[in-house]
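Trainee: Dropping a structure here in structure tokens format, bear with me for questions.
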Amino acid sequence: MPGHKVARLFVGLSAAVAVLGMAVAAEAQEKKIKIGVIYDLTGPLAGGGSELQYTGAKIMLDHFSKTGVEGYKIEAVYADAQSKPDVAINEAIRLVEQEKVDMLLGFFSSAQCVPVAARVEQLKKFMWITTCISSAVLADKNFKYIFRPQASGDQFGLMTMDFIAQNSKEKFGKEPKDLRVAIIHEDGAYGVDVSKGNEAGAKKAGFNVVLKEGYSATAPDLSALVTKLKRGRPDVVFHTGYNPDITLLLRQAREQGLKFGALVGHGAGYGVYEKLKEGLGGDVNYVFNTDPISIWLANQKSMDPKLPPMIKMVGEEFDKAKPGVAIRSAHVGMAASNTYVFMTEVLPRAIKKYGGVDPEALRKASLEVDLPEGGTMLGFGVKFYGEGQQMAGQNERSFPVVIQYVDDKSYVVWPKSQAQREAVLPLPKGTTFSSQ
């Protein structure tokens, strides 16, 4: 009998050890990072570029969920901010507290980003911003856990003013001081920030600013603004808007006979060619847009050799998701590239050097990223301003470019180092808005 007892005990112990072993193995297998991803999939911002950003981020997250990173499984949990700041905040908190995500990624609208970043920092969670560009998200906040590889809004505004200033004499036949410019913008965090860059750039160039005005992106009528623009007779209109406000403004401008020499947009709605074309038809021809470069237009010769195959992959996956699109929006590549930087530069370093995926490990790993120009699919490098600096968490090496839409294609026209062709300036005679 004692022998039977010992045997039974031994069998029981073996079973317990086996169960324990399975649990340990399961735990080892279950090493994962849970990423909460927030974009606007409904509401006006979805069509203004947010849904395209979601597509780019998802393509990249799906890619890494197949391979994992340093033995960690990638699990993405998606949420819809519905184009509303309060929903974005609530979804961020829900993902952190209920879904127990390790970090948050995404965010299109600066109006959402400003309050969400403050809340996430308060919760001591890590946030990787692929998109929203307002300087107000990071300026003078000294956040520890919020990082943005993307270019900031004031850079957009300064870049376009410099572009026009450098072309003023040659293309418009006017000294910058004689060039009449109008700065108009939606009055959220995004538009306000870009317009500040516009103002600073206009001052530096010495332009004659004939109108500077903000408006609500949800305004049902912009004819009063068009009347003011007509009165100001600008050579160049600098506009920051989403959509449908861009379409509304330009339709009413057409009805009221507004004329100008150039229209320069700044990302957001100007980065979604399909929507512009749908709303404006042929009048989208020769419009300018400022954004980080489209990954499909970036100079691949000066790029890290491992990046062109990734650009090809993103393009192929996007074509499957959205067949028949004339121009692959820069928004797609922006989110894909900025997500890729996290997956290949931050995450492996956090795991290998700092032992995991907690906010502290991710923070330290982010601060060590040091990519030269050509180190990302967007052409720019990555190095974040550190604690105690005015723009702590901002990528100091990012920059946007100016593109022009011509006959259903987009071309980089500024800066000269990235330019694919000369800008068509001013609007050709015979086009709807041409003042010639």
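Just so we're on the same page: first chain in the structure tokens is A, next is B, and so on; residues restart at 1 for each chain, and ligands are numbered from 1 in the order they show up.
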Find the spatial neighbours of Glu186 of chain A, counting only C-alpha atoms, within a cut-off of 8 Å - ignore same-chain residues fewer than 6 positions away - and output them as an mmCIF file with N, CA, C and O atoms, in the first residue's frame.

Mentor:
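Writing the result to out.cif gives the following:
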data_model
loop_
_atom_site.group_PDB
_atom_site.id
_atom_site.type_symbol
_atom_site.label_atom_id
_atom_site.label_comp_id
_atom_site.auth_asym_id
_atom_site.auth_seq_id
_atom_site.Cartn_x
_atom_site.Cartn_y
_atom_site.Cartn_z
ATOM 1 N N VAL A 192 -4.529 77.394 -35.402
ATOM 2 C CA VAL A 192 -3.919 78.520 -34.669
ATOM 3 C C VAL A 192 -2.399 78.384 -34.694
ATOM 4 O O VAL A 192 -1.668 79.351 -34.930
ATOM 5 N N GLY A 214 -9.365 83.625 -38.271
ATOM 6 C CA GLY A 214 -9.730 82.249 -37.972
ATOM 7 C C GLY A 214 -11.232 82.071 -38.117
ATOM 8 O O GLY A 214 -11.988 83.042 -38.105
ATOM 9 N N TYR A 215 -11.672 80.829 -38.250
ATOM 10 C CA TYR A 215 -13.104 80.518 -38.350
ATOM 11 C C TYR A 215 -13.323 79.122 -37.796
ATOM 12 O O TYR A 215 -12.378 78.331 -37.698
ATOM 13 N N SER A 216 -14.544 78.784 -37.461
ATOM 14 C CA SER A 216 -14.843 77.445 -36.940
ATOM 15 C C SER A 216 -14.876 76.444 -38.088
ATOM 16 O O SER A 216 -15.524 76.686 -39.118
ATOM 17 N N ALA A 217 -14.199 75.318 -37.913
ATOM 18 C CA ALA A 217 -14.152 74.282 -38.959
ATOM 19 C C ALA A 217 -15.540 73.718 -39.258
ATOM 20 O O ALA A 217 -15.756 73.115 -40.305
ATOM 21 N N THR A 240 -5.184 76.997 -43.569
ATOM 22 C CA THR A 240 -5.108 75.755 -42.786
ATOM 23 C C THR A 240 -6.530 75.334 -42.453
ATOM 24 O O THR A 240 -7.250 76.074 -41.768
ATOM 25 N N GLY A 241 -6.941 74.181 -42.972
ATOM 26 C CA GLY A 241 -8.302 73.711 -42.728
ATOM 27 C C GLY A 241 -8.393 72.204 -42.834
ATOM 28 O O GLY A 241 -7.441 71.539 -43.243
ATOM 29 N N TYR A 242 -9.530 71.694 -42.453
ATOM 30 C CA TYR A 242 -9.780 70.249 -42.566
ATOM 31 C C TYR A 242 -10.591 70.020 -43.844
ATOM 32 O O TYR A 242 -10.242 70.450 -44.909
#

Trainee: Can you pull out every residue within 9 Å of Phe288 of chain A, counting only C-alpha atoms, but drop anything in the same chain fewer than 3 positions away, and send it as a PyMOL selection string?

Mentor: chain A and resi 262-266+270+285+402-405

Trainee: For Glu97 of chain A, which of A:Pro244, A:Pro348, A:Pro234, A:Gly36 is the closest residue, counting only C-alpha atoms?

Mentor: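 Closest to Glu97 of chain A of all the choices is A:Gly36.
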
Trainee: Quick one: everything within 8 Å of Glu274 of chain A, counting only C-alpha atoms, minus sequence neighbours fewer than 6 positions away in the same chain. Send it as a PyMOL selection string.

Mentor: chain A and resi 325-327

Trainee: Include C-alpha atoms and write out the residues we just selected as a PDB file, in the first residue's frame.

Mentor:
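Now in part.pdb:
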ATOM      1  CA  VAL A 325      -6.976  55.945 -55.533  1.00  0.00           C
ATOM      2  CA  ALA A 326      -5.265  58.472 -57.864  1.00  0.00           C
ATOM      3  CA  ILE A 327      -2.693  59.747 -55.355  1.00  0.00           C
TER       4      ILE A 327
END

Trainee: So that I can check the secondary structure, give me every residue of segment 44-271 of chain A assigned alpha helix (DSSP H) by backbone DSSP, as a PyMOL selection string.

Mentor: chain A and resi 44-45+51-67+85-97+110-122+153-167+189-205+223-232+245-255

Trainee: As a VMD selection string, please: the residues near Gly374 of chain A (cut-off 10 Å, only C-alpha atoms, same-chain neighbours under 4 positions excluded).

Mentor: chain A and resid 298 to 305 307 378 to 382

Trainee: Suppose we keep all heavy atoms; can you now write the selection as a tab-separated table (two decimals), in the first residue's frame?

Mentor:
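Contents of again-v7.tsv, freshly written:
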chain	number	residue	atom	x	y	z
A	298	ALA	N	9.50	60.49	-51.53
A	298	ALA	CA	10.78	60.74	-50.86
A	298	ALA	C	11.94	60.18	-51.68
A	298	ALA	O	11.79	59.20	-52.42
A	298	ALA	CB	10.77	60.09	-49.47
A	299	ASN	N	13.08	60.82	-51.54
A	299	ASN	CA	14.28	60.42	-52.28
A	299	ASN	C	14.87	59.14	-51.69
A	299	ASN	O	15.54	59.16	-50.66
A	299	ASN	CB	15.31	61.56	-52.22
A	299	ASN	CG	16.57	61.23	-52.99
A	299	ASN	OD1	16.69	60.17	-53.59
A	299	ASN	ND2	17.51	62.16	-52.98
A	300	GLN	N	14.61	58.01	-52.34
A	300	GLN	CA	15.03	56.71	-51.79
A	300	GLN	C	16.54	56.48	-51.90
A	300	GLN	O	17.09	55.67	-51.17
A	300	GLN	CB	14.26	55.58	-52.47
A	300	GLN	CG	12.76	55.65	-52.19
A	300	GLN	CD	12.01	54.39	-52.58
A	300	GLN	OE1	12.59	53.39	-53.02
A	300	GLN	NE2	10.70	54.41	-52.41
A	301	LYS	N	17.19	57.24	-52.79
A	301	LYS	CA	18.65	57.05	-52.96
A	301	LYS	C	19.41	57.48	-51.71
A	301	LYS	O	20.47	56.95	-51.40
A	301	LYS	CB	19.15	57.84	-54.17
A	301	LYS	CG	18.66	57.27	-55.50
A	301	LYS	CD	19.39	57.94	-56.68
A	301	LYS	CE	18.86	57.45	-58.01
A	301	LYS	NZ	17.67	58.20	-58.45
A	302	SER	N	18.85	58.48	-50.99
A	302	SER	CA	19.57	58.97	-49.81
A	302	SER	C	19.03	58.32	-48.52
A	302	SER	O	19.30	58.78	-47.43
A	302	SER	CB	19.43	60.49	-49.72
A	302	SER	OG	18.06	60.83	-49.58
A	303	MET	N	18.27	57.25	-48.68
A	303	MET	CA	17.58	56.62	-47.56
A	303	MET	C	18.31	55.38	-47.07
A	303	MET	O	19.01	54.72	-47.85
A	303	MET	CB	16.20	56.20	-48.08
A	303	MET	CG	15.07	56.34	-47.11
A	303	MET	SD	13.53	55.91	-47.95
A	303	MET	CE	12.83	57.51	-48.19
A	304	ASP	N	18.13	55.03	-45.82
A	304	ASP	CA	18.62	53.76	-45.28
A	304	ASP	C	18.08	52.64	-46.19
A	304	ASP	O	16.88	52.57	-46.44
A	304	ASP	CB	18.08	53.61	-43.85
A	304	ASP	CG	18.62	52.37	-43.16
A	304	ASP	OD1	18.63	51.29	-43.79
A	304	ASP	OD2	19.00	52.46	-41.98
A	305	PRO	N	18.97	51.74	-46.70
A	305	PRO	CA	18.55	50.74	-47.70
A	305	PRO	C	17.44	49.78	-47.23
A	305	PRO	O	16.76	49.17	-48.05
A	305	PRO	CB	19.82	49.97	-48.03
A	305	PRO	CG	20.88	50.48	-47.12
A	305	PRO	CD	20.41	51.73	-46.47
A	307	LEU	N	14.69	50.69	-45.93
A	307	LEU	CA	13.39	51.38	-45.97
A	307	LEU	C	12.61	51.25	-47.28
A	307	LEU	O	11.39	51.07	-47.25
A	307	LEU	CB	13.57	52.86	-45.60
A	307	LEU	CG	14.12	53.11	-44.18
A	307	LEU	CD1	14.40	54.58	-43.97
A	307	LEU	CD2	13.14	52.61	-43.12
A	378	LEU	N	10.16	59.10	-44.28
A	378	LEU	CA	9.77	60.48	-44.58
A	378	LEU	C	10.98	61.35	-44.91
A	378	LEU	O	10.85	62.56	-45.09
A	378	LEU	CB	9.00	61.08	-43.39
A	378	LEU	CG	7.67	60.38	-43.06
A	378	LEU	CD1	7.15	60.80	-41.70
A	378	LEU	CD2	6.63	60.66	-44.14
A	379	GLY	N	12.16	60.73	-44.94
A	379	GLY	CA	13.36	61.47	-45.35
A	379	GLY	C	14.10	62.15	-44.22
A	379	GLY	O	15.31	62.34	-44.29
A	380	PHE	N	13.38	62.53	-43.16
A	380	PHE	CA	14.08	63.21	-42.07
A	380	PHE	C	14.64	62.22	-41.05
A	380	PHE	O	14.34	61.03	-41.07
A	380	PHE	CB	13.20	64.28	-41.41
A	380	PHE	CG	11.83	63.84	-40.95
A	380	PHE	CD1	11.66	62.88	-39.96
A	380	PHE	CD2	10.69	64.42	-41.51
A	380	PHE	CE1	10.40	62.50	-39.52
A	380	PHE	CE2	9.41	64.05	-41.07
A	380	PHE	CZ	9.28	63.08	-40.07
A	381	GLY	N	15.49	62.75	-40.15
A	381	GLY	CA	16.04	61.92	-39.08
A	381	GLY	C	15.18	62.01	-37.83
A	381	GLY	O	14.12	62.65	-37.84
A	382	VAL	N	15.63	61.36	-36.76
A	382	VAL	CA	14.89	61.43	-35.49
A	382	VAL	C	15.86	61.59	-34.32
A	382	VAL	O	16.78	60.79	-34.13
A	382	VAL	CB	14.03	60.16	-35.24
A	382	VAL	CG1	13.25	60.28	-33.93
A	382	VAL	CG2	13.06	59.90	-36.39

Trainee: Excluding segment 293-296 of chain A and any residue of its chain fewer than 5 positions from it, enumerate the residues within 9 Å of it, using only C-alpha atoms, and give them as a PDB file with all heavy atoms, in the first residue's frame.

Mentor:
ATOM      1  N   ILE A 311       8.507  50.705 -47.853  1.00  0.00           N
ATOM      2  CA  ILE A 311       7.642  51.653 -48.567  1.00  0.00           C
ATOM      3  C   ILE A 311       6.815  50.913 -49.611  1.00  0.00           C
ATOM      4  O   ILE A 311       5.613  51.149 -49.766  1.00  0.00           O
ATOM      5  CB  ILE A 311       8.490  52.774 -49.223  1.00  0.00           C
ATOM      6  CG1 ILE A 311       9.106  53.665 -48.133  1.00  0.00           C
ATOM      7  CG2 ILE A 311       7.675  53.596 -50.208  1.00  0.00           C
ATOM      8  CD1 ILE A 311      10.102  54.686 -48.629  1.00  0.00           C
ATOM      9  N   LYS A 312       7.461  49.966 -50.297  1.00  0.00           N
ATOM     10  CA  LYS A 312       6.776  49.159 -51.314  1.00  0.00           C
ATOM     11  C   LYS A 312       5.662  48.345 -50.656  1.00  0.00           C
ATOM     12  O   LYS A 312       4.538  48.283 -51.149  1.00  0.00           O
ATOM     13  CB  LYS A 312       7.805  48.245 -51.986  1.00  0.00           C
ATOM     14  CG  LYS A 312       7.274  47.455 -53.171  1.00  0.00           C
ATOM     15  CD  LYS A 312       8.436  46.777 -53.909  1.00  0.00           C
ATOM     16  CE  LYS A 312       7.959  45.973 -55.113  1.00  0.00           C
ATOM     17  NZ  LYS A 312       7.285  44.724 -54.733  1.00  0.00           N
ATOM     18  N   GLY A 315       2.691  50.530 -49.731  1.00  0.00           N
ATOM     19  CA  GLY A 315       1.954  50.884 -50.947  1.00  0.00           C
ATOM     20  C   GLY A 315       1.070  49.749 -51.426  1.00  0.00           C
ATOM     21  O   GLY A 315      -0.107  49.956 -51.771  1.00  0.00           O
ATOM     22  N   ARG A 328      -1.742  58.307 -53.653  1.00  0.00           N
ATOM     23  CA  ARG A 328      -1.671  57.762 -52.288  1.00  0.00           C
ATOM     24  C   ARG A 328      -1.361  58.922 -51.344  1.00  0.00           C
ATOM     25  O   ARG A 328      -0.326  59.554 -51.465  1.00  0.00           O
ATOM     26  CB  ARG A 328      -0.560  56.717 -52.195  1.00  0.00           C
ATOM     27  CG  ARG A 328      -0.823  55.431 -52.967  1.00  0.00           C
ATOM     28  CD  ARG A 328       0.463  54.628 -52.966  1.00  0.00           C
ATOM     29  NE  ARG A 328       0.350  53.358 -53.672  1.00  0.00           N
ATOM     30  CZ  ARG A 328       1.395  52.676 -54.093  1.00  0.00           C
ATOM     31  NH1 ARG A 328       2.625  53.160 -53.892  1.00  0.00           N
ATOM     32  NH2 ARG A 328       1.253  51.532 -54.712  1.00  0.00           N
ATOM     33  N   SER A 329      -2.261  59.171 -50.424  1.00  0.00           N
ATOM     34  CA  SER A 329      -2.125  60.338 -49.546  1.00  0.00           C
ATOM     35  C   SER A 329      -0.878  60.238 -48.666  1.00  0.00           C
ATOM     36  O   SER A 329      -0.531  59.162 -48.164  1.00  0.00           O
ATOM     37  CB  SER A 329      -3.358  60.449 -48.660  1.00  0.00           C
ATOM     38  OG  SER A 329      -3.142  61.403 -47.646  1.00  0.00           O
ATOM     39  N   ALA A 330      -0.238  61.408 -48.458  1.00  0.00           N
ATOM     40  CA  ALA A 330       0.920  61.475 -47.551  1.00  0.00           C
ATOM     41  C   ALA A 330       0.529  61.018 -46.145  1.00  0.00           C
ATOM     42  O   ALA A 330       1.365  60.519 -45.391  1.00  0.00           O
ATOM     43  CB  ALA A 330       1.460  62.900 -47.510  1.00  0.00           C
ATOM     44  N   HIS A 331      -0.757  61.183 -45.788  1.00  0.00           N
ATOM     45  CA  HIS A 331      -1.216  60.788 -44.450  1.00  0.00           C
ATOM     46  C   HIS A 331      -0.923  59.315 -44.155  1.00  0.00           C
ATOM     47  O   HIS A 331      -0.571  58.954 -43.041  1.00  0.00           O
ATOM     48  CB  HIS A 331      -2.724  61.021 -44.314  1.00  0.00           C
ATOM     49  CG  HIS A 331      -3.100  62.460 -44.141  1.00  0.00           C
ATOM     50  ND1 HIS A 331      -2.582  63.247 -43.142  1.00  0.00           N
ATOM     51  CD2 HIS A 331      -3.959  63.259 -44.838  1.00  0.00           C
ATOM     52  CE1 HIS A 331      -3.105  64.465 -43.229  1.00  0.00           C
ATOM     53  NE2 HIS A 331      -3.931  64.503 -44.260  1.00  0.00           N
ATOM     54  N   VAL A 332      -1.091  58.466 -45.157  1.00  0.00           N
ATOM     55  CA  VAL A 332      -0.901  57.023 -44.971  1.00  0.00           C
ATOM     56  C   VAL A 332       0.547  56.733 -44.575  1.00  0.00           C
ATOM     57  O   VAL A 332       0.829  56.058 -43.586  1.00  0.00           O
ATOM     58  CB  VAL A 332      -1.247  56.241 -46.260  1.00  0.00           C
ATOM     59  CG1 VAL A 332      -1.054  54.735 -46.053  1.00  0.00           C
ATOM     60  CG2 VAL A 332      -2.660  56.547 -46.708  1.00  0.00           C
ATOM     61  N   GLY A 333       1.461  57.295 -45.381  1.00  0.00           N
ATOM     62  CA  GLY A 333       2.885  57.055 -45.141  1.00  0.00           C
ATOM     63  C   GLY A 333       3.391  57.672 -43.855  1.00  0.00           C
ATOM     64  O   GLY A 333       4.295  57.141 -43.202  1.00  0.00           O
ATOM     65  N   MET A 334       2.792  58.816 -43.483  1.00  0.00           N
ATOM     66  CA  MET A 334       3.176  59.485 -42.235  1.00  0.00           C
ATOM     67  C   MET A 334       2.980  58.550 -41.039  1.00  0.00           C
ATOM     68  O   MET A 334       3.884  58.313 -40.244  1.00  0.00           O
ATOM     69  CB  MET A 334       2.262  60.695 -42.014  1.00  0.00           C
ATOM     70  CG  MET A 334       2.925  62.022 -42.020  1.00  0.00           C
ATOM     71  SD  MET A 334       1.645  63.261 -41.791  1.00  0.00           S
ATOM     72  CE  MET A 334       1.187  63.588 -43.462  1.00  0.00           C
ATOM     73  N   SER A 337       5.237  55.381 -41.342  1.00  0.00           N
ATOM     74  CA  SER A 337       6.640  55.657 -41.037  1.00  0.00           C
ATOM     75  C   SER A 337       6.856  55.901 -39.545  1.00  0.00           C
ATOM     76  O   SER A 337       7.779  55.350 -38.937  1.00  0.00           O
ATOM     77  CB  SER A 337       7.123  56.866 -41.836  1.00  0.00           C
ATOM     78  OG  SER A 337       8.454  57.197 -41.476  1.00  0.00           O
ATOM     79  N   MET A 377      11.335  56.779 -43.526  1.00  0.00           N
ATOM     80  CA  MET A 377      10.679  56.776 -44.840  1.00  0.00           C
ATOM     81  C   MET A 377      10.252  58.179 -45.258  1.00  0.00           C
ATOM     82  O   MET A 377       9.992  58.436 -46.429  1.00  0.00           O
ATOM     83  CB  MET A 377       9.438  55.888 -44.805  1.00  0.00           C
ATOM     84  CG  MET A 377       9.748  54.430 -44.576  1.00  0.00           C
ATOM     85  SD  MET A 377       8.214  53.483 -44.536  1.00  0.00           S
ATOM     86  CE  MET A 377       8.540  52.448 -43.136  1.00  0.00           C
ATOM     87  N   LEU A 378      10.162  59.099 -44.281  1.00  0.00           N
ATOM     88  CA  LEU A 378       9.767  60.477 -44.576  1.00  0.00           C
ATOM     89  C   LEU A 378      10.977  61.353 -44.909  1.00  0.00           C
ATOM     90  O   LEU A 378      10.852  62.564 -45.088  1.00  0.00           O
ATOM     91  CB  LEU A 378       9.003  61.075 -43.387  1.00  0.00           C
ATOM     92  CG  LEU A 378       7.672  60.378 -43.062  1.00  0.00           C
ATOM     93  CD1 LEU A 378       7.151  60.799 -41.702  1.00  0.00           C
ATOM     94  CD2 LEU A 378       6.629  60.664 -44.136  1.00  0.00           C
ATOM     95  N   GLY A 379      12.157  60.734 -44.936  1.00  0.00           N
ATOM     96  CA  GLY A 379      13.358  61.473 -45.347  1.00  0.00           C
ATOM     97  C   GLY A 379      14.104  62.147 -44.221  1.00  0.00           C
ATOM     98  O   GLY A 379      15.311  62.341 -44.288  1.00  0.00           O
ATOM     99  N   PHE A 399      11.009  67.644 -40.681  1.00  0.00           N
ATOM    100  CA  PHE A 399      10.667  68.822 -41.485  1.00  0.00           C
ATOM    101  C   PHE A 399       9.572  68.452 -42.490  1.00  0.00           C
ATOM    102  O   PHE A 399       9.500  67.327 -42.954  1.00  0.00           O
ATOM    103  CB  PHE A 399      11.897  69.386 -42.227  1.00  0.00           C
ATOM    104  CG  PHE A 399      12.604  68.388 -43.118  1.00  0.00           C
ATOM    105  CD1 PHE A 399      12.104  68.056 -44.373  1.00  0.00           C
ATOM    106  CD2 PHE A 399      13.788  67.788 -42.694  1.00  0.00           C
ATOM    107  CE1 PHE A 399      12.761  67.133 -45.185  1.00  0.00           C
ATOM    108  CE2 PHE A 399      14.453  66.864 -43.511  1.00  0.00           C
ATOM    109  CZ  PHE A 399      13.936  66.537 -44.758  1.00  0.00           C
ATOM    110  N   PRO A 400       8.708  69.443 -42.833  1.00  0.00           N
ATOM    111  CA  PRO A 400       7.734  69.197 -43.890  1.00  0.00           C
ATOM    112  C   PRO A 400       8.298  69.614 -45.247  1.00  0.00           C
ATOM    113  O   PRO A 400       9.396  70.171 -45.317  1.00  0.00           O
ATOM    114  CB  PRO A 400       6.571  70.110 -43.491  1.00  0.00           C
ATOM    115  CG  PRO A 400       7.225  71.259 -42.794  1.00  0.00           C
ATOM    116  CD  PRO A 400       8.533  70.765 -42.221  1.00  0.00           C
ATOM    117  N   VAL A 401       7.554  69.358 -46.302  1.00  0.00           N
ATOM    118  CA  VAL A 401       7.904  69.832 -47.645  1.00  0.00           C
ATOM    119  C   VAL A 401       6.657  70.466 -48.262  1.00  0.00           C
ATOM    120  O   VAL A 401       5.552  70.271 -47.769  1.00  0.00           O
ATOM    121  CB  VAL A 401       8.390  68.681 -48.577  1.00  0.00           C
ATOM    122  CG1 VAL A 401       9.666  68.057 -48.063  1.00  0.00           C
ATOM    123  CG2 VAL A 401       7.296  67.625 -48.775  1.00  0.00           C
ATOM    124  N   VAL A 402       6.851  71.234 -49.333  1.00  0.00           N
ATOM    125  CA  VAL A 402       5.708  71.796 -50.064  1.00  0.00           C
ATOM    126  C   VAL A 402       5.540  70.982 -51.346  1.00  0.00           C
ATOM    127  O   VAL A 402       6.494  70.785 -52.100  1.00  0.00           O
ATOM    128  CB  VAL A 402       5.943  73.284 -50.419  1.00  0.00           C
ATOM    129  CG1 VAL A 402       4.727  73.841 -51.168  1.00  0.00           C
ATOM    130  CG2 VAL A 402       6.201  74.105 -49.163  1.00  0.00           C
ATOM    131  N   ILE A 403       4.310  70.476 -51.565  1.00  0.00           N
ATOM    132  CA  ILE A 403       4.025  69.761 -52.808  1.00  0.00           C
ATOM    133  C   ILE A 403       2.982  70.550 -53.591  1.00  0.00           C
ATOM    134  O   ILE A 403       2.280  71.397 -53.032  1.00  0.00           O
ATOM    135  CB  ILE A 403       3.546  68.305 -52.553  1.00  0.00           C
ATOM    136  CG1 ILE A 403       2.222  68.298 -51.769  1.00  0.00           C
ATOM    137  CG2 ILE A 403       4.573  67.483 -51.837  1.00  0.00           C
ATOM    138  CD1 ILE A 403       1.124  67.604 -52.467  1.00  0.00           C
ATOM    139  N   VAL A 412       6.912  67.287 -55.288  1.00  0.00           N
ATOM    140  CA  VAL A 412       7.592  68.113 -54.295  1.00  0.00           C
ATOM    141  C   VAL A 412       8.229  69.298 -55.028  1.00  0.00           C
ATOM    142  O   VAL A 412       8.946  69.108 -56.010  1.00  0.00           O
ATOM    143  CB  VAL A 412       8.690  67.319 -53.543  1.00  0.00           C
ATOM    144  CG1 VAL A 412       9.384  68.209 -52.519  1.00  0.00           C
ATOM    145  CG2 VAL A 412       8.093  66.103 -52.848  1.00  0.00           C
TER     146      VAL A 412
END

Trainee: Name all residues at most 9 Å from segment 64-74 of chain A (count only C-alpha atoms; drop same-chain ones fewer than 3 positions away) and give them as a ChimeraX atom specification.

Mentor: /A:29-35,59-61,340,343-344,347-348,351-352

Trainee: One decimal, Å: what's the distance from atom CA of Asp80 of chain A over to atom CA of Thr131 of chain A, could you say?

Mentor: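 Atom CA of Thr131 of chain A lies 15.3 Å from atom CA of Asp80 of chain A.
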
Trainee: List the neighbours of segment 48-58 of chain A out to 7 Å using only C-alpha atoms; skip same-chain residues closer than 6 positions along the sequence, and give me the result as number ranges by chain.

Mentor: A: 39-41, 108, 242-243, 268-269, 271-272, 331-333, 335-336, 339

Trainee: Limited to C-alpha atoms, could you put the picked residues into a file as a compact mmCIF listing (two decimals), in the first residue's frame?

Mentor:
# COMPACT_ATOMS: atom_id res chain seq x y z
CA TYR A 39 -7.84 57.89 -34.67
CA ASP A 40 -11.10 59.39 -35.97
CA LEU A 41 -12.97 56.77 -37.97
CA PHE A 108 -4.77 63.04 -35.75
CA TYR A 242 -9.78 70.25 -42.57
CA ASN A 243 -12.67 69.21 -44.80
CA ALA A 268 -4.93 68.09 -42.75
CA GLY A 269 -7.63 68.41 -45.44
CA GLY A 271 -3.33 66.21 -47.68
CA VAL A 272 -6.36 64.21 -48.90
CA HIS A 331 -1.22 60.79 -44.45
CA VAL A 332 -0.90 57.02 -44.97
CA GLY A 333 2.89 57.05 -45.14
CA ALA A 335 1.45 57.14 -39.80
CA ALA A 336 3.18 54.08 -41.27
CA THR A 339 4.80 53.71 -36.33

Trainee: Go ahead and compute the interatomic distance for atom CA of Phe156 of chain A and atom CA of Gly282 of chain A, in Å to one decimal.

Mentor: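 Atom CA of Gly282 of chain A lies 25.5 Å from atom CA of Phe156 of chain A.
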
Trainee: Could you state the separation of atom CA of Val210 of chain A and atom CA of Asp178 of chain A in Å, given to one decimal place?

Mentor: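 So the two atoms, atom CA of Val210 of chain A and atom CA of Asp178 of chain A, lie 11.0 Å apart.
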